[in-house]
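Undergrad: Here's a structure for you.
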There are 2 protein chains.
Amino acid sequence: MLSVTTLGVNSALPAYGRHPTSQILHFDNQSVMVDCGEGTQMQMIKYKIKRGKLNHIFISHLHGDHYLGLPGLLNSMNLTGRTTDIHIYAPQPLEDILTMHFKAANTTLHFSLHFHALPLSEGKLMENEDFEVDTFLTEHRIECHGFVFREKKYSHSIDPAKVQAYNVPYEQYETLQKGGDFIDSNGKHIDNELLTIANIPPKSYAYCADTRYIESFIPYVKEVDLLYHETTYLDELREKAYERFHSTSKQAAEIALKSNAKRLLIGHFSSQYEYLDAFLSEARSVFANTDIAEEGKTFSL
Amino acid sequence: MLSVTTLGVNSALPAYGRHPTSQILHFDNQSVMVDCGEGTQMQMIKYKIKRGKLNHIFISHLHGDHYLGLPGLLNSMNLTGRTTDIHIYAPQPLEDILTMHFKAANTTLHFSLHFHALPLSEGKLMENEDFEVDTFLTEHRIECHGFVFREKKYSHSIDPAKVQAYNVPYEQYETLQKGGDFIDSNGKHIDNELLTIANIPPKSYAYCADTRYIESFIPYVKEVDLLYHETTYLDELREKAYERFHSTSKQAAEIALKSNAKRLLIGHFSSQYEYLDAFLSEARSVFANTDIAEEGKTFSL
């Protein structure tokens, strides 16, 4: 089951105890980080997020509030004996920045760091056995990428007692997991539902990063189970949002509506706001099924 | 009056709510930062340290836990409209690292950042009207610098009522502030103590950064009012401390004793220790006048 923990929900200036952006996606067997603002490794400790399950880190853009926690996090992984590979997907300049940090500290990593420069093209970015990722471009002051994460899982799970009772050979399991029926050695047809348990359908999560209101990425995020969209300002500051390449809550909700997303999650609040209730009510006036990102809170899909 | 606020007291791995190293020295008219680990800007907000009074930042070495908070702090200064110059004293590679961060974010600073590469020679580093700084080398895994900060202040303050009563012209004030007497236009000698108030003598603070136990810098830190020395481990791990270019509490106390420091402050605790009482008792067994660094605590000299 896919879930999302928001570790940092503020925009560039930390304020009112709110930290810069970072999120953790929990898949069945591994977790993924999206953005890594300063202090993320401390937030992970506070909210009991294990570093060991984290193998993929996606960085949307190179404003400091979205990646300055990364050198420290990698260093802590190294100090605590990590040997498992890590994959970083980020704009190209980050590779040299990380290299300079490690060189200045005379650090030798004891794990392999695979740096994948994000392409300026949109579409499929990567996949592994647990999830696949599409990337798209947002409209921000610098190159900025959004991501759609889709769980990969079989539609059905084997029912151990049933497959034993019907003597299903192991080689047939994948056919069953994909929803197919079983035909035994005598040609007898056994329906899939007698041998399996239907899984919850795979879920999808879209992270729309920092962006002005633009509709060009809607085709990529259509129908997702949860859509995260930034809302640095309330709609009364719509012009300021435009000038600064950010969005308002109403705009975030309009994107969710036009994308036919099932739910909306809003975050990246400006430090000029101490209280956030108005963000939620404004978004809900357009798109009812909206939640507000809180630090340490986990949203299950 | 000089005082020191410790904002981060842990070694490289954050643990038990303790943050990587940063300290603020408060002089009469400005404040100074020594080291700037990840999360320092959030610690400054938490402990109500004003960014505006901070004009000089000293970075001892380029291990991440001593400087990774700097790009974010500078960025926040920029976002909040700072126009006052800032001076950074640090090992040379930090200049390129900062430049790469700003370039990647397409950031234009609205204040002048003066980068001063730390020399490998020891002795006087800089001075202004409020303080002067000596630097010395410690023994660490990479180039690492210690600093001695000395208040600069007149030995005497003008007593406004008295100088008016004796008709002392303004041009004579500095002579009085330095302890000299006043001779009026008739040649009459007025003793200094009739015209001034004696100031508290200027104070000194030594920051010994990360280091193995070495005595070579003792001449620079001799007789200081407060000596900060790292103590990553307890003395039972003296060999581990040596291997990792760190010190124990007993060793920190020995340096304070041999330096004839008035007080000792210990910090930079390893993440393997949850409780810190043993650090204090161990140091006090050698040097009684020892305090332990706590986050947000201010030590007045």
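A note on labels: chains of the structure tokens are A, B, ... as shown, every chain counts residues from 1, and ligands are counted from 1 in their shown order.
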Considering only C-alpha atoms, give me a table of residues in chain B that are at most 8 Å from chain A, with the closest atom pair and distance in Å for each, as JSON lines.

TA:
```
{"residue": "B:Ala12", "atom": "CA", "partner": "A:Ser76", "partner_atom": "CA", "distance": 7.5}
{"residue": "B:Leu13", "atom": "CA", "partner": "A:Ser76", "partner_atom": "CA", "distance": 6.0}
{"residue": "B:Pro14", "atom": "CA", "partner": "A:Met42", "partner_atom": "CA", "distance": 6.7}
{"residue": "B:Ala15", "atom": "CA", "partner": "A:Ile45", "partner_atom": "CA", "distance": 7.8}
{"residue": "B:Gly17", "atom": "CA", "partner": "A:Met42", "partner_atom": "CA", "distance": 7.9}
{"residue": "B:Glu38", "atom": "CA", "partner": "A:Gly39", "partner_atom": "CA", "distance": 6.2}
{"residue": "B:Gly39", "atom": "CA", "partner": "A:Gly39", "partner_atom": "CA", "distance": 5.2}
{"residue": "B:Met42", "atom": "CA", "partner": "A:Pro14", "partner_atom": "CA", "distance": 6.7}
{"residue": "B:Ile45", "atom": "CA", "partner": "A:Ala15", "partner_atom": "CA", "distance": 7.8}
{"residue": "B:Lys46", "atom": "CA", "partner": "A:Gly17", "partner_atom": "CA", "distance": 7.9}
{"residue": "B:Leu62", "atom": "CA", "partner": "A:Ala105", "partner_atom": "CA", "distance": 5.4}
{"residue": "B:His63", "atom": "CA", "partner": "A:Ala105", "partner_atom": "CA", "distance": 4.9}
{"residue": "B:Gly64", "atom": "CA", "partner": "A:Gly72", "partner_atom": "CA", "distance": 6.3}
{"residue": "B:Asp65", "atom": "CA", "partner": "A:Gly72", "partner_atom": "CA", "distance": 7.4}
{"residue": "B:Leu68", "atom": "CA", "partner": "A:Gly72", "partner_atom": "CA", "distance": 7.1}
{"residue": "B:Gly69", "atom": "CA", "partner": "A:Glu38", "partner_atom": "CA", "distance": 7.4}
{"residue": "B:Pro71", "atom": "CA", "partner": "A:Gly64", "partner_atom": "CA", "distance": 7.5}
{"residue": "B:Gly72", "atom": "CA", "partner": "A:Gly64", "partner_atom": "CA", "distance": 6.3}
{"residue": "B:Asn75", "atom": "CA", "partner": "A:Gly64", "partner_atom": "CA", "distance": 7.8}
{"residue": "B:Ser76", "atom": "CA", "partner": "A:Leu13", "partner_atom": "CA", "distance": 6.0}
{"residue": "B:Leu79", "atom": "CA", "partner": "A:Leu13", "partner_atom": "CA", "distance": 7.7}
{"residue": "B:Pro93", "atom": "CA", "partner": "A:Ala104", "partner_atom": "CA", "distance": 6.4}
{"residue": "B:Leu94", "atom": "CA", "partner": "A:Ala104", "partner_atom": "CA", "distance": 7.9}
{"residue": "B:Ile97", "atom": "CA", "partner": "A:Met100", "partner_atom": "CA", "distance": 6.6}
{"residue": "B:Met100", "atom": "CA", "partner": "A:Ile97", "partner_atom": "CA", "distance": 6.6}
{"residue": "B:His101", "atom": "CA", "partner": "A:Ile97", "partner_atom": "CA", "distance": 7.2}
{"residue": "B:Ala104", "atom": "CA", "partner": "A:Leu62", "partner_atom": "CA", "distance": 6.0}
{"residue": "B:Ala105", "atom": "CA", "partner": "A:His63", "partner_atom": "CA", "distance": 4.9}
{"residue": "B:Asn106", "atom": "CA", "partner": "A:Ile142", "partner_atom": "CA", "distance": 7.2}
{"residue": "B:Ile142", "atom": "CA", "partner": "A:Ala105", "partner_atom": "CA", "distance": 7.0}
```

Undergrad: Leaving out His189 (chain B) and any residue of its chain fewer than 5 positions from it, which residues lie within 12 Å of it when counting only C-alpha atoms, given as a JSON list (two decimals) with N, CA and C atoms, in the first residue's frame?

TA:
```json
[["chain", "number", "residue", "atom", "x", "y", "z"],
["B", 166, "TYR", "N", 33.51, 69.34, 34.40],
["B", 166, "TYR", "CA", 34.91, 69.77, 34.28],
["B", 166, "TYR", "C", 35.21, 70.39, 32.91],
["B", 168, "VAL", "N", 35.36, 69.16, 29.89],
["B", 168, "VAL", "CA", 36.33, 68.41, 29.08],
["B", 168, "VAL", "C", 35.91, 68.49, 27.62],
["B", 180, "GLY", "N", 43.82, 57.74, 30.46],
["B", 180, "GLY", "CA", 44.65, 58.92, 30.69],
["B", 180, "GLY", "C", 43.94, 59.99, 31.52],
["B", 181, "ASP", "N", 44.70, 60.90, 32.06],
["B", 181, "ASP", "CA", 44.12, 62.00, 32.83],
["B", 181, "ASP", "C", 43.82, 63.19, 31.90],
["B", 182, "PHE", "N", 43.15, 64.20, 32.46],
["B", 182, "PHE", "CA", 42.80, 65.39, 31.68],
["B", 182, "PHE", "C", 43.55, 66.60, 32.25],
["B", 183, "ILE", "N", 44.17, 67.36, 31.35],
["B", 183, "ILE", "CA", 44.83, 68.60, 31.78],
["B", 183, "ILE", "C", 44.08, 69.75, 31.12],
["B", 184, "ASP", "N", 43.49, 70.63, 31.92],
["B", 184, "ASP", "CA", 42.65, 71.68, 31.34],
["B", 184, "ASP", "C", 43.49, 72.83, 30.79],
["B", 194, "LEU", "N", 38.16, 60.68, 38.30],
["B", 194, "LEU", "CA", 37.13, 61.69, 38.59],
["B", 194, "LEU", "C", 36.18, 61.87, 37.40],
["B", 195, "LEU", "N", 36.58, 61.38, 36.23],
["B", 195, "LEU", "CA", 35.82, 61.67, 34.99],
["B", 195, "LEU", "C", 35.24, 60.43, 34.31]]
```

Undergrad: When you draw a straight line from CA of Tyr170 (chain B) to CA of Pro202 (chain B), how long is it in Å?

TA: 23.9 Å

Undergrad: For CA of Ser204 (chain A) and CA of Phe131 (chain A), quote the distance in Å rounded to one decimal.

TA: 9.3 Å

Undergrad: Enumerate, as a list in words, the complete set of residues in region 86-154 of chain A that a backbone-based DSSP assignment places in strand (DSSP E).

TA: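 Here are the strand (DSSP E) residues of region 86-154 of chain A: Ile86, His87, Ile88, Tyr89, Ala90, Leu113, His114, Phe115, His116, Ala117, Gly123, Lys124, Leu125, Met126, Glu127, Phe131, Glu132, Val133, Asp134, Thr135, Phe136, Leu137, His145, Gly146, Phe147, Val148, Phe149, Arg150 and Glu151 of chain A.
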